[in-house]
>>> print(open('input21.csv').read())   # CSV, C-alpha atoms
chain,number,residue,atom,x,y,z
A,7,MET,CA,0.9,-0.6,28.5
A,8,ILE,CA,-0.4,0.7,25.2
A,9,ASN,CA,-2.3,-1.9,23.2
A,10,ILE,CA,-2.1,-1.6,19.4
A,11,LEU,CA,-3.9,-3.6,16.8
A,12,MET,CA,-2.3,-3.9,13.4
A,13,THR,CA,-4.4,-5.0,10.4
A,14,LYS,CA,-1.4,-6.5,8.7
A,15,SER,CA,1.4,-8.8,9.8
A,16,VAL,CA,4.6,-6.7,9.6
A,17,ASP,CA,7.8,-6.3,11.5
A,18,PHE,CA,7.0,-4.1,14.5
A,19,SER,CA,10.3,-4.5,16.4
A,20,ILE,CA,10.5,-0.7,16.4
A,21,PHE,CA,8.0,-0.6,19.3
A,22,SER,CA,9.4,-1.1,22.8
A,23,LYS,CA,7.9,-4.2,24.5
A,24,GLU,CA,8.2,-2.3,27.7
A,25,TYR,CA,5.5,0.2,26.7
A,26,PHE,CA,3.6,-1.4,23.8
A,27,PHE,CA,1.7,-4.6,23.4
A,28,ILE,CA,1.2,-5.3,19.6
A,29,LYS,CA,-1.4,-7.7,18.1
A,30,SER,CA,-1.4,-8.2,14.4
A,31,HIS,CA,-3.8,-10.0,12.1
A,32,ASP,CA,-3.7,-10.2,8.3
A,33,PHE,CA,-7.0,-9.0,6.8
A,34,LEU,CA,-5.8,-9.7,3.3
A,35,SER,CA,-4.1,-12.5,1.4
A,36,ILE,CA,-2.1,-12.3,-1.8
A,37,LYS,CA,-1.9,-14.7,-4.7
A,38,TYR,CA,0.4,-14.1,-7.7
A,39,SER,CA,-1.0,-14.5,-11.2
A,40,LYS,CA,0.5,-15.9,-14.4
A,41,LEU,CA,0.1,-13.9,-17.5
A,42,TYR,CA,-0.6,-16.6,-20.0
A,43,LYS,CA,-0.1,-14.3,-22.9
A,44,LYS,CA,3.0,-12.4,-22.0
A,45,PRO,CA,3.2,-8.9,-23.6
A,46,ILE,CA,6.2,-7.4,-25.3
A,47,LEU,CA,7.3,-4.8,-22.7
A,48,ASN,CA,7.5,-1.1,-23.4
A,49,ASN,CA,10.5,0.9,-22.2
A,50,GLN,CA,8.7,2.5,-19.3
A,51,LEU,CA,7.4,0.3,-16.4
A,52,ILE,CA,5.3,1.4,-13.4
A,53,PHE,CA,5.1,-0.3,-10.0
A,54,THR,CA,2.8,1.0,-7.3
A,55,SER,CA,3.4,-1.7,-4.8
A,56,TYR,CA,6.0,-4.2,-3.7
A,57,ASN,CA,3.6,-7.0,-4.6
A,58,GLY,CA,3.5,-5.6,-8.1
A,59,VAL,CA,7.2,-6.2,-8.4
A,60,LYS,CA,7.0,-9.7,-7.0
A,61,GLY,CA,4.1,-10.4,-9.4
A,62,PHE,CA,6.2,-9.1,-12.3
A,63,LEU,CA,9.1,-11.4,-11.3
A,64,TYR,CA,6.7,-14.3,-11.2
A,65,ASN,CA,6.2,-13.7,-14.9
A,66,PHE,CA,9.4,-12.2,-16.3
A,67,GLU,CA,13.1,-12.7,-16.1
A,68,TYR,CA,15.1,-10.2,-14.1
A,69,SER,CA,16.8,-9.0,-17.3
A,70,SER,CA,13.5,-7.5,-18.3
A,71,PHE,CA,14.3,-4.6,-16.0
A,72,GLN,CA,16.6,-2.9,-18.5
A,73,LYS,CA,13.9,-0.2,-18.6
A,74,LYS,CA,13.0,3.1,-17.0
A,75,ILE,CA,11.1,2.3,-13.9
A,76,TYR,CA,8.6,4.5,-12.0
A,77,VAL,CA,7.9,3.5,-8.5
A,78,VAL,CA,5.5,4.4,-5.7
A,79,GLY,CA,6.6,3.6,-2.2
A,80,GLU,CA,10.0,3.9,-0.6
A,81,LYS,CA,10.3,0.2,0.2
A,82,THR,CA,9.8,-0.8,-3.4
A,83,PHE,CA,12.0,2.0,-4.6
A,84,PHE,CA,15.0,1.1,-2.5
A,85,PHE,CA,14.6,-2.5,-3.4
A,86,LEU,CA,14.8,-1.7,-7.1
A,87,LYS,CA,17.3,1.2,-6.9
A,88,LYS,CA,20.1,-1.2,-5.7
A,89,HIS,CA,20.1,-2.8,-9.1
A,90,PHE,CA,18.6,-0.4,-11.6
A,91,PRO,CA,19.8,3.2,-11.8
A,92,TYR,CA,16.9,4.4,-14.0
A,93,CYS,CA,14.5,4.0,-11.2
A,94,PHE,CA,12.4,7.0,-10.2
A,95,LEU,CA,10.4,7.5,-7.0
A,96,LEU,CA,7.0,9.1,-7.4
A,97,LYS,CA,6.0,11.0,-4.3
A,98,LYS,CA,2.3,11.0,-4.7
A,99,ASN,CA,-0.6,9.5,-2.7
A,100,TYR,CA,-3.4,9.2,-5.2
A,101,LEU,CA,-3.3,7.0,-8.4
A,102,GLN,CA,-4.6,9.8,-10.6
A,103,ASP,CA,-1.8,12.1,-9.3
A,104,ILE,CA,0.8,9.4,-9.9
A,105,ILE,CA,-0.3,9.0,-13.5
A,106,GLU,CA,-0.5,12.7,-14.1
A,107,GLU,CA,3.1,13.1,-12.8
A,108,ILE,CA,4.3,10.3,-15.2
A,109,MET,CA,2.6,12.0,-18.1
A,110,LYS,CA,4.5,15.2,-17.4
A,111,ILE,CA,7.8,13.3,-17.6
A,112,ARG,CA,7.2,11.6,-20.9
A,113,SER,CA,3.7,12.3,-22.3
A,114,ASN,CA,4.3,10.6,-25.7
A,115,GLN,CA,5.4,7.3,-24.4
A,116,TYR,CA,3.7,4.0,-23.7
A,117,TYR,CA,3.8,2.4,-20.3
A,118,ASP,CA,3.2,-1.0,-18.6
A,119,TRP,CA,1.7,-0.9,-15.2
A,120,PHE,CA,1.9,-4.1,-13.0
A,121,CYS,CA,-0.6,-4.2,-10.3
A,122,GLY,CA,-3.3,-6.2,-8.4
A,123,ASN,CA,-6.9,-6.7,-9.1
A,124,LYS,CA,-8.0,-4.0,-6.7
A,125,ASN,CA,-8.0,-0.5,-8.2
A,126,ILE,CA,-10.4,2.5,-8.3
A,127,LEU,CA,-10.1,3.6,-11.9
A,128,ASP,CA,-11.9,2.4,-15.0
A,129,ILE,CA,-9.8,0.6,-17.6
A,130,ASN,CA,-10.6,3.2,-20.2
A,131,PHE,CA,-8.8,5.8,-18.1
A,132,PHE,CA,-5.5,3.9,-18.6
A,133,LYS,CA,-6.0,3.5,-22.4
A,134,LYS,CA,-6.4,7.2,-22.8
A,135,LYS,CA,-3.1,7.7,-21.0
A,136,ASN,CA,-1.2,5.1,-23.1
A,137,ILE,CA,-0.9,2.8,-20.1
A,138,ASN,CA,-1.2,-1.0,-20.4
A,139,ARG,CA,-2.5,-2.4,-17.1
A,140,TYR,CA,-1.5,-6.0,-16.2
A,141,GLU,CA,-2.8,-7.8,-13.1
A,142,VAL,CA,0.0,-9.9,-11.7
A,143,TYR,CA,-1.5,-10.5,-8.3
A,144,GLN,CA,-4.8,-10.9,-6.7
A,145,THR,CA,-5.9,-9.5,-3.3
A,146,PHE,CA,-8.4,-11.5,-1.3
A,147,LEU,CA,-10.2,-10.2,1.7
A,148,THR,CA,-9.7,-12.4,4.8
A,149,PRO,CA,-12.0,-10.8,7.4
A,150,ARG,CA,-12.1,-11.9,11.0
A,151,LYS,CA,-14.0,-10.7,14.2
A,152,ILE,CA,-11.7,-9.1,16.7
A,153,LYS,CA,-12.7,-9.7,20.3
A,154,ASN,CA,-12.7,-6.9,22.9
A,155,LEU,CA,-12.0,-4.3,20.2
A,156,SER,CA,-12.4,-1.4,22.7
A,157,ASP,CA,-9.4,-2.7,24.7
A,158,TYR,CA,-7.1,-1.4,22.0
A,159,HIS,CA,-5.7,2.1,22.4
A,160,GLY,CA,-4.9,2.4,18.7
A,161,ILE,CA,-5.6,0.6,15.4
A,162,ILE,CA,-3.3,0.9,12.3
A,163,PHE,CA,-4.6,0.4,8.8
A,164,PHE,CA,-2.4,-0.1,5.7
A,165,SER,CA,-4.6,-0.2,2.7
A,166,PRO,CA,-8.2,0.5,1.5
A,167,SER,CA,-8.7,-3.3,0.9
A,168,GLY,CA,-7.6,-4.0,4.5
A,169,VAL,CA,-10.1,-1.4,5.7
A,170,GLN,CA,-12.9,-3.0,3.8
A,171,SER,CA,-12.0,-6.5,5.1
A,172,PHE,CA,-11.8,-5.2,8.7
A,173,PHE,CA,-15.1,-3.4,8.8
A,174,SER,CA,-16.9,-6.3,7.1
A,175,LYS,CA,-16.7,-8.1,10.5
A,176,ASN,CA,-16.0,-5.3,13.0
A,177,LYS,CA,-17.6,-2.1,14.0
A,178,ILE,CA,-16.0,0.8,15.8
A,179,GLN,CA,-18.2,3.3,17.7
A,180,HIS,CA,-17.9,6.9,16.6
A,181,ASN,CA,-17.3,8.0,20.2
A,182,THR,CA,-14.6,5.4,20.9
A,183,LYS,CA,-11.4,6.5,22.6
A,184,THR,CA,-9.5,4.2,20.3
A,185,GLU,CA,-7.2,6.2,18.0
A,186,ILE,CA,-7.2,5.4,14.3
A,187,PHE,CA,-4.0,5.5,12.3
A,188,ALA,CA,-3.7,5.1,8.5
A,189,ILE,CA,-0.5,4.7,6.4
A,190,GLY,CA,-1.7,7.4,3.9
A,191,LYS,CA,-4.4,9.7,2.6
A,192,THR,CA,-6.1,7.1,0.4
A,193,THR,CA,-6.5,4.6,3.2
A,194,ALA,CA,-7.7,7.4,5.6
A,195,LYS,CA,-10.3,8.5,3.1
A,196,PHE,CA,-11.6,5.0,2.8
A,197,ILE,CA,-11.8,4.6,6.6
A,198,SER,CA,-14.0,7.7,6.6
A,199,ASN,CA,-16.7,5.7,4.8
A,200,PHE,CA,-17.1,3.6,7.9
A,201,LEU,CA,-16.2,5.9,10.8
A,202,ASP,CA,-16.7,9.6,11.5
A,203,LYS,CA,-13.6,10.2,13.6
A,204,LYS,CA,-10.2,11.9,13.3
A,205,ILE,CA,-7.7,9.7,11.5
A,206,TRP,CA,-4.0,10.2,12.1
A,207,ILE,CA,-1.7,9.9,9.0
A,208,PRO,CA,2.0,10.5,8.6
A,209,LYS,CA,3.5,13.2,6.4
A,210,LYS,CA,4.9,10.4,4.1
A,211,PRO,CA,3.0,7.1,3.4
A,212,SER,CA,5.4,4.4,4.7
A,213,LEU,CA,5.6,1.8,7.4
A,214,LYS,CA,8.4,3.6,9.1
A,215,GLU,CA,6.6,6.9,9.1
A,216,VAL,CA,3.3,5.6,10.4
A,217,PHE,CA,5.1,3.7,13.2
A,218,PHE,CA,7.0,6.8,14.2
A,219,LEU,CA,3.7,8.7,14.2
A,220,VAL,CA,2.1,6.1,16.6
A,221,LYS,CA,5.1,6.1,18.9
A,222,ASN,CA,5.3,9.8,19.1
A,223,PHE,CA,1.6,10.1,19.6
A,224,TYR,CA,1.6,7.8,22.7
A,225,ASN,CA,4.9,9.2,24.0
A,226,GLY,CA,3.1,12.5,24.4
A,227,HIS,CA,0.1,10.8,26.1
A,228,MET,CA,2.0,8.6,28.6
>>> encode(input="input21.csv", output="structure tokens")
Amino acid sequence: MINILMTKSVDFSIFSKEYFFIKSHDFLSIKYSKLYKKPILNNQLIFTSYNGVKGFLYNFEYSSFQKKIYVVGEKTFFFLKKHFPYCFLLKKNYLQDIIEEIMKIRSNQYYDWFCGNKNILDINFFKKKNINRYEVYQTFLTPRKIKNLSDYHGIIFFSPSGVQSFFSKNKIQHNTKTEIFAIGKTTAKFISNFLDKKIWIPKKPSLKEVFFLVKNFYNGHM
């Protein structure tokens, strides 16, 4: 039996109960925020997370989506694409790369980005790129100590904030046999601040892809 720890509560039915024992804990909590002074929206909207969409809907009517929409993440893209044809998937991993790609598409436009309170770029960066940044949700760290951490064959991380929350209460030895998996390059890079060990990442940053990566990894080691 392969023991896997997930640092986020998600649907893991893709894993066979015959071969995998999955334990999941949420190391983050989300609270949606009201924009008390609602802006007049531009014609170009940016979403880099599913929570950004939910936070937007917490503040605006659905009709506000009569815009061009740029999206990061397949889950968010397919959710929006069902209803809005002018929805474009940006296949980038780093926020700087995402913004540079958008600038190539329409460099002389103004954009509204709906995001959380955790981001790595200074607000002046967005002003220079004609991007209005609106916080529509807050991410809170909810760390917890995991007992018998070395009993897990693998640990899956889903975001830099989740990594920060996990390592605030837990420590992984550098020589551990536990394999470390990350949903994407940004999360993997953040893990390297706490652990000098190979980190496995999928070719595409998505739940589906990281789960396939874990399954295929252990199928080859069973």
>>> atom_distance(input="input21.csv", atom1="atom CA of A:Ser55", atom2="atom CA of A:Gln72")
19.1 Å
>>> residues_around(input="input21.csv", residues="A:Gly61", least_positions_apart="5", cutoff="9 Å", atoms="only C-alpha atoms", output="PyMOL selection string")
chain A and resi 37-40+56+66+120-122+141-143
>>> closest_residue(input="input21.csv", among="A:Glu80, A:Glu107, A:Glu24, A:Glu67", to="A:Ile8", atoms="all atoms listed in the file")
A:Glu24
>>> residues_around(input="input21.csv", residues="stretch 209-214 of chain A", least_positions_apart="6", cutoff="10 Å", atoms="only C-alpha atoms", output="PyMOL selection string")
chain A and resi 16-18+20+78-81+97-99+164+188-193
>>> atom_distance(input="input21.csv", atom1="atom CA of A:Asn199", atom2="atom CA of A:Ser174")
12.2 Å
>>> closest_residue(input="input21.csv", among="A:Ser198, A:Ser165, A:Ser30, A:Gln50", to="A:Tyr116", atoms="only C-alpha atoms")
A:Gln50
>>> atom_distance(input="input21.csv", atom1="atom CA of A:Phe200", atom2="atom CA of A:Val169")
8.9 Å
>>> closest_residue(input="input21.csv", among="A:Lys23, A:His89, A:Lys29, A:Lys124", to="A:Gly168", atoms="only C-alpha atoms")
A:Lys124
>>> residues_near_point(input="input21.csv", point="(-6.7, -11.3, 3.9)", cutoff="12 Å", atoms="all atoms listed in the file", output="ChimeraX atom specification")
/A:13-15,31-37,144-150,165,167-172,174
>>> closest_residue(input="input21.csv", among="A:Leu47, A:Ile52, A:Cys93, A:Leu155", to="A:Glu185", atoms="only C-alpha atoms")
A:Leu155
>>> closest_residue(input="input21.csv", among="A:Trp119, A:Phe196, A:Tyr140, A:Phe53", to="A:Leu95", atoms="all atoms listed in the file")
A:Phe53
>>> closest_residue(input="input21.csv", among="A:Ile137, A:Ile28, A:Ile161, A:Ala194", to="A:Ile207", atoms="all atoms listed in the file")
A:Ala194
